[in-house]
>>> print(open('my_file_21.txt').read())   # compact mmCIF, C-alpha atoms
# COMPACT_ATOMS: atom_id res chain seq x y z
CA MET H 1 162.08 108.91 -24.06
CA LYS H 2 158.94 108.24 -26.09
CA LEU H 3 158.72 109.53 -29.64
CA GLU H 4 155.86 111.89 -28.84
CA ASP H 5 157.85 113.33 -25.95
CA ILE H 6 160.81 113.86 -28.28
CA LYS H 7 158.65 115.70 -30.82
CA GLN H 8 157.21 117.89 -28.09
CA LYS H 9 160.69 118.63 -26.76
CA VAL H 10 162.01 119.59 -30.20
CA ALA H 11 159.03 121.91 -30.66
CA GLY H 12 159.93 123.70 -27.41
CA ASN H 13 162.04 126.75 -26.63
CA GLU H 14 165.24 124.75 -26.22
CA TYR H 15 165.24 124.06 -29.96
CA ASP H 16 164.16 127.51 -31.13
CA PHE H 17 167.44 127.83 -33.04
CA LEU H 18 166.00 125.35 -35.58
CA ARG H 19 163.42 127.97 -36.46
CA THR H 20 165.40 131.18 -35.98
CA ASN H 21 168.92 130.43 -37.24
CA GLU H 22 169.60 132.17 -40.56
CA HIS H 23 170.70 128.92 -42.21
CA LEU H 24 167.84 126.78 -40.91
CA GLY H 25 164.12 127.53 -40.55
CA LYS H 26 162.36 126.95 -43.88
CA SER H 27 165.61 125.72 -45.41
CA ILE H 28 165.51 122.48 -43.38
CA ILE H 29 164.62 119.52 -45.58
CA LEU H 30 165.28 116.70 -43.13
CA LEU H 31 165.26 116.37 -39.37
CA GLY H 32 165.70 113.04 -37.60
CA LEU H 33 166.94 111.18 -34.57
CA GLY H 34 170.62 110.42 -34.12
CA GLY H 35 172.71 108.37 -31.72
CA SER H 36 171.26 105.65 -29.52
CA HIS H 37 167.64 106.62 -30.23
CA ALA H 38 168.27 106.11 -33.95
CA TYR H 39 169.98 102.74 -33.38
CA GLY H 40 167.32 101.48 -30.97
CA THR H 41 169.88 101.08 -28.19
CA GLU H 42 168.86 103.97 -25.94
CA THR H 43 168.35 103.72 -22.19
CA ASP H 44 166.40 105.89 -19.77
CA THR H 45 169.48 108.10 -19.35
CA SER H 46 170.41 108.40 -23.05
CA ASP H 47 170.90 111.91 -24.41
CA LEU H 48 168.77 113.10 -27.30
CA ASP H 49 170.72 113.63 -30.53
CA ILE H 50 169.14 115.40 -33.49
CA ARG H 51 170.60 115.31 -37.00
CA GLY H 52 169.43 116.94 -40.19
CA CYS H 53 170.05 118.80 -43.41
CA ALA H 54 169.23 122.29 -44.65
CA LEU H 55 169.46 123.70 -48.16
CA ASN H 56 172.11 126.23 -49.06
CA SER H 57 170.73 129.66 -49.81
CA LYS H 58 170.49 131.16 -53.31
CA SER H 59 173.42 133.50 -52.62
CA GLU H 60 175.59 130.66 -51.25
CA ILE H 61 174.92 128.54 -54.32
CA LEU H 62 175.66 131.32 -56.79
CA CYS H 63 178.77 132.52 -54.91
CA GLY H 64 180.17 129.06 -54.19
CA GLU H 65 179.91 129.59 -50.42
CA ASP H 66 178.95 127.12 -47.73
CA TYR H 67 178.33 127.34 -43.98
CA GLU H 68 178.91 123.53 -43.83
CA GLN H 69 176.89 122.85 -40.68
CA VAL H 70 175.08 124.33 -37.70
CA THR H 71 175.94 122.70 -34.38
CA ASP H 72 174.13 123.36 -31.12
CA ILE H 73 176.20 121.80 -28.34
CA PRO H 74 173.64 122.06 -25.49
CA THR H 75 171.11 119.96 -27.42
CA ASP H 76 173.69 117.85 -29.30
CA THR H 77 172.15 118.88 -32.62
CA THR H 78 173.95 118.97 -35.96
CA ILE H 79 172.30 120.22 -39.14
CA TYR H 80 174.47 119.82 -42.24
CA SER H 81 174.26 122.09 -45.24
CA PHE H 82 172.99 120.30 -48.34
CA ARG H 83 176.34 120.77 -50.05
CA LYS H 84 178.31 119.38 -47.11
CA LEU H 85 175.98 116.43 -46.61
CA ILE H 86 176.17 115.42 -50.28
CA LEU H 87 179.97 115.38 -50.08
CA LEU H 88 179.94 113.25 -46.93
CA LEU H 89 177.33 110.85 -48.32
CA THR H 90 179.37 110.46 -51.50
CA ASP H 91 182.26 109.26 -49.34
CA CYS H 92 179.88 106.85 -47.53
CA ASN H 93 180.82 108.56 -44.25
CA PRO H 94 179.47 106.37 -41.42
CA ASN H 95 178.40 109.35 -39.30
CA THR H 96 176.14 110.71 -42.03
CA ILE H 97 175.07 107.77 -44.23
CA GLU H 98 173.03 106.53 -41.25
CA ILE H 99 170.78 109.59 -41.61
CA LEU H 100 169.36 108.01 -44.76
CA GLY H 101 168.45 104.74 -43.01
CA LEU H 102 166.28 105.76 -40.06
CA LYS H 103 162.95 104.17 -39.25
CA PRO H 104 160.20 106.20 -41.01
CA GLU H 105 158.78 107.42 -37.69
CA HIS H 106 162.22 108.63 -36.59
CA TYR H 107 162.15 111.41 -39.17
CA LEU H 108 160.77 114.37 -37.27
CA TYR H 109 160.42 116.42 -40.44
CA LEU H 110 160.78 115.75 -44.17
CA SER H 111 160.19 118.28 -46.92
CA GLU H 112 159.48 117.25 -50.51
CA ILE H 113 163.18 117.49 -51.33
CA GLY H 114 164.03 115.61 -48.14
CA ARG H 115 161.86 112.74 -49.32
CA GLU H 116 163.54 112.82 -52.72
CA LEU H 117 166.94 112.64 -51.00
CA LEU H 118 165.84 109.51 -49.13
CA GLY H 119 164.43 108.07 -52.35
CA ASN H 120 167.86 108.50 -53.97
CA ARG H 121 169.87 107.06 -51.09
CA LYS H 122 171.17 104.08 -53.07
CA ILE H 123 173.11 106.34 -55.46
CA PHE H 124 175.55 107.00 -52.60
CA LEU H 125 176.27 103.34 -51.89
CA SER H 126 179.51 101.83 -53.13
CA ARG H 127 182.41 99.67 -52.05
CA LYS H 128 183.87 102.77 -50.44
CA ALA H 129 181.92 101.62 -47.39
CA ILE H 130 184.46 98.83 -46.92
CA LYS H 131 187.22 101.26 -46.03
CA THR H 132 185.17 103.97 -44.35
CA PHE H 133 183.26 101.69 -41.99
CA SER H 134 186.05 99.20 -41.36
CA GLY H 135 188.49 102.06 -40.88
CA TYR H 136 186.35 103.56 -38.12
CA ALA H 137 185.72 100.15 -36.60
CA THR H 138 189.39 99.16 -36.65
CA ALA H 139 190.40 102.43 -35.01
CA GLN H 140 187.92 101.75 -32.22
CA PHE H 141 189.06 98.15 -31.88
CA ARG H 142 192.72 99.14 -31.52
CA SER H 143 191.80 101.56 -28.76
CA LEU H 144 189.99 98.79 -26.90
CA ASP H 145 192.87 96.33 -27.10
CA ASN H 146 194.83 97.04 -23.92
CA LYS H 147 197.60 94.74 -25.11
CA THR H 148 198.64 97.33 -27.73
CA SER H 149 201.03 100.07 -26.72
CA ARG H 150 200.07 103.74 -26.97
CA LEU H 151 202.59 104.50 -29.70
CA ALA H 152 201.57 101.47 -31.73
CA ASP H 153 197.94 102.57 -31.45
CA GLN H 154 198.86 106.00 -32.68
CA SER H 155 200.86 104.68 -35.63
CA ILE H 156 198.05 102.37 -36.71
CA LYS H 157 195.57 105.20 -36.35
CA GLU H 158 197.65 107.37 -38.69
CA LYS H 159 197.56 104.62 -41.32
CA HIS H 160 193.77 104.39 -41.09
CA ILE H 161 193.43 108.15 -41.39
CA LEU H 162 195.68 108.18 -44.44
CA ASN H 163 193.76 105.30 -46.03
CA SER H 164 190.47 107.15 -45.49
CA ILE H 165 191.85 110.35 -46.99
CA ASN H 166 193.30 108.47 -49.97
CA LEU H 167 189.92 106.83 -50.51
CA ALA H 168 188.16 110.20 -50.50
CA SER H 169 190.78 111.71 -52.81
CA GLU H 170 190.06 109.12 -55.51
CA SER H 171 187.07 111.22 -56.53
CA PHE H 172 188.76 114.63 -56.35
CA ASN H 173 189.61 114.83 -60.05
CA GLU H 174 186.00 113.97 -60.90
CA MET H 175 184.44 116.46 -58.50
CA PHE H 176 186.95 119.32 -58.62
CA PHE H 177 189.29 121.01 -61.08
CA GLN H 178 191.78 118.41 -62.28
CA TYR H 179 195.39 118.33 -61.13
CA PRO H 180 198.38 116.06 -61.87
CA GLU H 181 198.55 112.94 -59.72
CA GLU H 182 201.94 113.94 -58.28
CA ALA H 183 200.68 117.42 -57.31
CA ILE H 184 199.28 116.22 -53.97
CA LYS H 185 201.24 113.60 -52.07
CA LEU H 186 200.32 112.37 -48.58
CA TYR H 187 202.57 109.99 -46.68
CA ILE H 188 203.54 108.84 -43.18
CA ASP H 189 206.94 109.65 -41.73
CA THR H 190 208.64 110.10 -38.35
CA ALA H 191 206.60 112.54 -36.31
CA VAL H 192 207.66 116.11 -35.62
CA SER H 193 205.47 116.19 -32.54
CA PRO H 194 207.14 114.62 -29.45
CA ASP H 195 203.78 113.09 -28.46
CA MET H 196 203.58 110.99 -31.61
CA ASP H 197 205.62 108.18 -33.09
CA SER H 198 204.65 108.90 -36.70
CA GLU H 199 202.29 111.26 -38.46
CA ILE H 200 200.91 112.20 -41.85
CA PHE H 201 202.83 114.72 -43.94
CA MET H 202 201.99 116.29 -47.26
CA ASP H 203 203.79 117.64 -50.32
CA ILE H 204 201.62 119.91 -52.47
CA THR H 205 202.53 121.60 -55.73
CA LEU H 206 199.59 123.33 -57.41
CA ARG H 207 199.68 126.18 -59.89
CA HIS H 208 196.79 128.29 -61.16
CA TYR H 209 194.36 126.14 -59.16
CA PRO H 210 190.86 127.41 -58.18
CA LEU H 211 190.95 128.46 -54.55
CA ARG H 212 187.39 127.32 -53.82
CA ASP H 213 188.04 123.83 -55.19
CA TYR H 214 191.17 123.57 -53.07
CA LYS H 215 189.18 124.76 -50.04
CA ASP H 216 186.58 122.03 -50.62
CA MET H 217 189.28 119.35 -50.96
CA TRP H 218 191.02 120.58 -47.84
CA ASN H 219 187.72 120.59 -45.93
CA ARG H 220 187.05 116.98 -46.88
CA MET H 221 190.49 115.89 -45.67
CA SER H 222 190.04 118.00 -42.53
CA ASP H 223 186.64 116.39 -41.85
CA ILE H 224 188.19 112.92 -41.92
CA LEU H 225 190.97 113.95 -39.55
CA ARG H 226 188.49 115.64 -37.21
CA ASP H 227 186.24 112.57 -37.16
CA TYR H 228 189.15 110.35 -36.12
CA GLU H 229 190.21 112.84 -33.44
CA LYS H 230 186.67 112.84 -32.07
CA LEU H 231 186.74 109.06 -32.12
CA GLY H 232 189.92 109.02 -30.04
CA LYS H 233 188.43 111.42 -27.51
CA ARG H 234 185.30 109.29 -27.24
CA ASN H 235 187.48 106.24 -26.64
CA GLN H 236 189.21 107.90 -23.70
CA ASN H 237 185.95 109.35 -22.41
CA ALA H 238 184.32 105.94 -22.51
CA ILE H 239 187.12 104.43 -20.45
CA SER H 240 187.35 107.25 -17.91
CA HIS H 241 183.58 107.48 -17.40
CA ASN H 242 182.96 103.76 -17.23
CA LYS H 243 181.05 103.72 -20.55
CA LEU H 244 183.23 101.16 -22.26
CA GLY H 245 180.27 98.83 -22.86
CA LYS H 246 178.52 101.51 -24.92
CA HIS H 247 181.70 102.11 -26.88
CA MET H 248 182.10 98.36 -27.56
CA MET H 249 178.48 98.16 -28.69
CA HIS H 250 179.02 100.85 -31.32
CA LEU H 251 182.04 98.98 -32.66
CA ILE H 252 179.89 95.92 -33.41
CA ARG H 253 177.08 98.12 -34.76
CA LEU H 254 179.47 99.61 -37.34
CA TYR H 255 180.25 96.13 -38.64
CA MET H 256 176.53 95.28 -38.79
CA MET H 257 175.66 98.39 -40.80
CA CYS H 258 178.50 97.91 -43.26
CA ILE H 259 177.56 94.27 -43.85
CA ASP H 260 174.00 95.36 -44.66
CA ILE H 261 175.29 97.92 -47.15
CA LEU H 262 177.54 95.40 -48.89
CA GLU H 263 175.21 92.39 -48.83
CA ARG H 264 171.75 93.94 -49.10
CA GLU H 265 172.57 97.38 -50.53
CA GLU H 266 170.49 98.89 -47.74
CA ILE H 267 171.15 101.41 -44.99
CA ILE H 268 169.65 100.03 -41.78
CA THR H 269 170.26 102.35 -38.85
CA PHE H 270 167.72 100.91 -36.39
CA ARG H 271 169.12 97.54 -35.28
CA GLU H 272 165.94 95.70 -34.33
CA LYS H 273 167.14 92.15 -34.99
CA GLU H 274 170.40 92.62 -33.11
CA HIS H 275 168.92 94.69 -30.29
CA ASP H 276 169.39 92.10 -27.53
CA LEU H 277 173.02 91.41 -28.46
CA LEU H 278 173.89 95.10 -28.69
CA MET H 279 172.23 95.91 -25.39
CA SER H 280 173.99 93.02 -23.65
CA ILE H 281 177.31 94.44 -24.85
CA ARG H 282 176.31 97.92 -23.72
CA ASN H 283 175.27 96.64 -20.31
CA GLY H 284 178.66 95.02 -19.63
CA ALA H 285 178.13 91.37 -20.57
CA TYR H 286 181.51 91.35 -22.30
CA LEU H 287 183.50 93.13 -19.59
CA ASP H 288 185.60 91.27 -17.04
CA ALA H 289 185.97 92.02 -13.32
CA ASN H 290 188.46 94.78 -14.13
CA LYS H 291 186.02 96.43 -16.56
CA GLN H 292 188.12 95.38 -19.55
CA PRO H 293 186.80 93.66 -22.74
CA THR H 294 186.80 89.88 -22.40
CA ASP H 295 188.30 87.39 -24.84
CA ASP H 296 184.74 86.50 -25.87
CA PHE H 297 184.24 90.06 -27.06
CA PHE H 298 187.36 90.02 -29.20
CA GLU H 299 186.19 86.70 -30.66
CA LEU H 300 182.87 88.38 -31.47
CA VAL H 301 184.72 91.23 -33.18
CA ASN H 302 186.71 88.72 -35.20
CA LYS H 303 183.50 86.95 -36.22
CA TYR H 304 181.99 90.15 -37.58
CA LYS H 305 185.25 91.12 -39.24
CA LYS H 306 185.25 87.82 -41.13
CA ARG H 307 181.62 88.41 -42.16
CA LEU H 308 182.59 91.86 -43.39
CA ASP H 309 185.56 90.47 -45.34
CA TYR H 310 183.27 87.91 -47.00
CA ALA H 311 180.68 90.56 -47.81
CA ALA H 312 183.41 92.77 -49.28
CA ASP H 313 184.65 89.95 -51.52
CA ASN H 314 181.14 89.15 -52.77
CA SER H 315 179.39 92.50 -52.89
CA SER H 316 177.84 93.58 -56.20
CA LEU H 317 178.18 97.28 -55.32
CA PRO H 318 180.27 99.43 -57.67
CA ASP H 319 183.70 100.63 -56.59
CA THR H 320 182.50 104.23 -56.57
CA PRO H 321 179.08 105.83 -56.07
CA ASP H 322 176.93 107.05 -58.96
CA TYR H 323 178.71 110.38 -59.43
CA LYS H 324 176.66 111.31 -62.49
CA THR H 325 173.31 110.88 -60.76
CA ILE H 326 174.60 112.54 -57.57
CA ARG H 327 175.71 115.53 -59.63
CA GLU H 328 172.38 115.69 -61.48
CA PHE H 329 170.40 115.50 -58.23
CA THR H 330 172.56 118.22 -56.67
CA MET H 331 172.04 120.48 -59.69
CA TYR H 332 168.29 119.77 -59.65
CA VAL H 333 167.97 120.74 -55.98
CA ASN H 334 170.17 123.82 -56.28
CA GLU H 335 168.32 124.96 -59.41
CA ARG H 336 165.05 124.84 -57.50
CA VAL H 337 166.56 126.97 -54.76
CA VAL H 338 167.93 129.53 -57.22
CA LYS H 339 164.59 129.71 -59.04
CA GLU H 340 162.88 129.96 -55.64
CA GLU H 341 160.70 126.97 -56.37
>>> encode(input="my_file_21.txt", output="structure tokens")
Amino acid sequence: MKLEDIKQKVAGNEYDFLRTNEHLGKSIILLGLGGSHAYGTETDTSDLDIRGCALNSKSEILCGEDYEQVTDIPTDTTIYSFRKLILLLTDCNPNTIEILGLKPEHYLYLSEIGRELLGNRKIFLSRKAIKTFSGYATAQFRSLDNKTSRLADQSIKEKHILNSINLASESFNEMFFQYPEEAIKLYIDTAVSPDMDSEIFMDITLRHYPLRDYKDMWNRMSDILRDYEKLGKRNQNAISHNKLGKHMMHLIRLYMMCIDILEREEIITFREKEHDLLMSIRNGAYLDANKQPTDDFFELVNKYKKRLDYAADNSSLPDTPDYKTIREFTMYVNERVVKEE
């Protein structure tokens, strides 16, 4: 679909919710392409994904409330609240950090604050990307490897989820009301569910703790778990609907994006240089006669994993994002909303 056709479509009745929803309308600061159109790997049959961000209202800011996101399933559109997006960007979440690295023409709308958000994108970059991106990629890779048993896949997946949550929790005492280190303990043990081999458990002991801060921490952990569950469903959907090539392509793309972040300190969503390789993977060049990934594909994965490991060892990015500047930018934006500027 051509860009002009996309803009015309988004301006049509099907997307009226962007203009009429109580959380959106004039509050939208950024609207852009998502999915295959954003990566440059779309085909004639690719669905249109729209992603964006909208400011929290004055009352939400002052009352500590948040609607988190508006999702329209028929159009595959997700608009994050400003507060929710900042939290996800701070964790270098792969599904949202890509919003800051689109081609300029792929932004369908940018307000003044939206442009300032893009201008500050580097404050969110840190070595957290190593675990967030590689965690997602490894989870996908394990699902592709048909030599791994179902229970082993599930156990490995739990470890990746726990690692991602532990990574996110490193910033909790800086972003929320402080608590003793032993107050929140997450660990893996024998599963209670008969469908699982092992699962994540938690021991929590908090006293006189702000409910809203706990809610925000819980939401961040819940978001990570939900993202991995969605990933698992996409894995099975890809296999059952003969879309494994597309799934394999996105695995390699995750490695490519993370390497750019670590080596070049840039977010590059549109994969122009690697377009031909990615499309060949999507079109089945690395599938055998039984529609299973070939050994060549797993060698390719190993090649990119080694590149990622090297980039991780040599990256000049800080261990954590620029929390101070992120906080100042968040306050600046929210203050403008409250003052109705």
>>> residues_around(input="my_file_21.txt", residues="Leu33 of chain H", least_positions_apart="6", cutoff="8 Å", atoms="all atoms listed in the file", output="JSON, numbers by chain")
{"H": [48, 49, 50, 51, 102, 106, 107, 108]}
>>> residues_around(input="my_file_21.txt", residues="segment 259-265 of chain H", least_positions_apart="6", cutoff="7 Å", atoms="only C-alpha atoms", output="list in words")
Leu308, Ala311, Ala312, Ser315 and Leu317 of chain H
>>> residues_around(input="my_file_21.txt", residues="segment 326-330 of chain H", least_positions_apart="3", cutoff="10 Å", atoms="all atoms listed in the file", output="mmCIF file with C-alpha atoms, in the coordinates of the input")
data_model
loop_
_atom_site.group_PDB
_atom_site.id
_atom_site.type_symbol
_atom_site.label_atom_id
_atom_site.label_comp_id
_atom_site.auth_asym_id
_atom_site.auth_seq_id
_atom_site.Cartn_x
_atom_site.Cartn_y
_atom_site.Cartn_z
ATOM 1 C CA PHE H 82 172.990 120.300 -48.340
ATOM 2 C CA ARG H 83 176.340 120.770 -50.050
ATOM 3 C CA ILE H 86 176.170 115.420 -50.280
ATOM 4 C CA LEU H 87 179.970 115.380 -50.080
ATOM 5 C CA LEU H 89 177.330 110.850 -48.320
ATOM 6 C CA THR H 90 179.370 110.460 -51.500
ATOM 7 C CA GLU H 116 163.540 112.820 -52.720
ATOM 8 C CA LEU H 117 166.940 112.640 -51.000
ATOM 9 C CA ASN H 120 167.860 108.500 -53.970
ATOM 10 C CA ARG H 121 169.870 107.060 -51.090
ATOM 11 C CA ILE H 123 173.110 106.340 -55.460
ATOM 12 C CA PHE H 124 175.550 107.000 -52.600
ATOM 13 C CA MET H 175 184.440 116.460 -58.500
ATOM 14 C CA PRO H 321 179.080 105.830 -56.070
ATOM 15 C CA ASP H 322 176.930 107.050 -58.960
ATOM 16 C CA TYR H 323 178.710 110.380 -59.430
ATOM 17 C CA VAL H 333 167.970 120.740 -55.980
ATOM 18 C CA ASN H 334 170.170 123.820 -56.280
ATOM 19 C CA GLU H 335 168.320 124.960 -59.410
#
>>> residues_around(input="my_file_21.txt", residues="Gln69 of chain H", least_positions_apart="4", cutoff="6 Å", atoms="all atoms listed in the file", output="VMD selection string")
chain H and resid 79 to 81
>>> atom_distance(input="my_file_21.txt", atom1="atom CA of Ala54 of chain H", atom2="atom CA of Leu24 of chain H")
6.0 Å
>>> decode(input="my_file_21.txt", residues="segment 45-55 of chain H", atoms="all heavy atoms", output="short mmCIF file (atom, residue, chain, number, x, y, z; two decimals), in the first residue's frame")
data_model
loop_
_atom_site.label_atom_id
_atom_site.label_comp_id
_atom_site.auth_asym_id
_atom_site.auth_seq_id
_atom_site.Cartn_x
_atom_site.Cartn_y
_atom_site.Cartn_z
N THR H 45 -0.18 -8.11 0.57
CA THR H 45 -1.24 -8.60 1.46
C THR H 45 -1.01 -8.21 2.93
O THR H 45 -1.75 -8.64 3.80
CB THR H 45 -1.35 -10.13 1.36
OG1 THR H 45 -0.10 -10.73 1.74
CG2 THR H 45 -1.70 -10.55 -0.07
N SER H 46 0.03 -7.40 3.20
CA SER H 46 0.35 -7.04 4.58
C SER H 46 -0.74 -6.17 5.19
O SER H 46 -1.28 -5.26 4.53
CB SER H 46 1.69 -6.30 4.65
OG SER H 46 2.76 -7.15 4.32
N ASP H 47 -1.07 -6.44 6.44
CA ASP H 47 -2.02 -5.60 7.17
C ASP H 47 -1.38 -4.27 7.52
O ASP H 47 -0.16 -4.16 7.62
CB ASP H 47 -2.48 -6.30 8.45
CG ASP H 47 -3.26 -7.57 8.17
OD1 ASP H 47 -3.93 -7.62 7.12
OD2 ASP H 47 -3.20 -8.51 8.99
N LEU H 48 -2.22 -3.27 7.73
CA LEU H 48 -1.75 -1.95 8.12
C LEU H 48 -1.79 -1.84 9.64
O LEU H 48 -2.85 -2.00 10.25
CB LEU H 48 -2.63 -0.86 7.49
CG LEU H 48 -2.31 0.58 7.89
CD1 LEU H 48 -0.89 0.96 7.49
CD2 LEU H 48 -3.32 1.53 7.26
N ASP H 49 -0.64 -1.59 10.25
CA ASP H 49 -0.54 -1.38 11.69
C ASP H 49 -0.25 0.09 11.96
O ASP H 49 0.65 0.67 11.33
CB ASP H 49 0.59 -2.22 12.30
CG ASP H 49 0.38 -3.71 12.11
OD1 ASP H 49 -0.63 -4.08 11.50
OD2 ASP H 49 1.24 -4.48 12.55
N ILE H 50 -0.96 0.68 12.89
CA ILE H 50 -0.72 2.07 13.28
C ILE H 50 -0.35 2.10 14.76
O ILE H 50 -0.99 1.46 15.58
CB ILE H 50 -1.96 2.96 13.03
CG1 ILE H 50 -2.37 2.93 11.55
CG2 ILE H 50 -1.69 4.40 13.48
CD1 ILE H 50 -1.32 3.53 10.61
N ARG H 51 0.70 2.84 15.07
CA ARG H 51 1.14 2.99 16.45
C ARG H 51 1.27 4.48 16.77
O ARG H 51 1.52 5.29 15.90
CB ARG H 51 2.49 2.29 16.67
CG ARG H 51 2.47 0.80 16.41
CD ARG H 51 1.65 0.05 17.44
NE ARG H 51 1.60 -1.38 17.18
CZ ARG H 51 0.62 -1.99 16.54
NH1 ARG H 51 -0.40 -1.28 16.06
NH2 ARG H 51 0.62 -3.29 16.36
N GLY H 52 1.11 4.82 18.05
CA GLY H 52 1.21 6.23 18.40
C GLY H 52 1.25 6.48 19.89
O GLY H 52 1.34 5.56 20.70
N CYS H 53 1.16 7.75 20.24
CA CYS H 53 1.19 8.18 21.63
C CYS H 53 0.28 9.38 21.81
O CYS H 53 0.21 10.25 20.93
CB CYS H 53 2.63 8.54 22.03
SG CYS H 53 2.79 9.16 23.72
N ALA H 54 -0.41 9.41 22.94
CA ALA H 54 -1.28 10.53 23.28
C ALA H 54 -0.99 10.98 24.70
O ALA H 54 -0.70 10.16 25.58
CB ALA H 54 -2.75 10.14 23.13
N LEU H 55 -1.06 12.28 24.93
CA LEU H 55 -0.79 12.82 26.25
C LEU H 55 -1.86 12.40 27.25
O LEU H 55 -3.02 12.24 26.89
CB LEU H 55 -0.75 14.35 26.19
CG LEU H 55 0.36 14.97 25.34
CD1 LEU H 55 0.18 16.48 25.27
CD2 LEU H 55 1.74 14.62 25.90
#
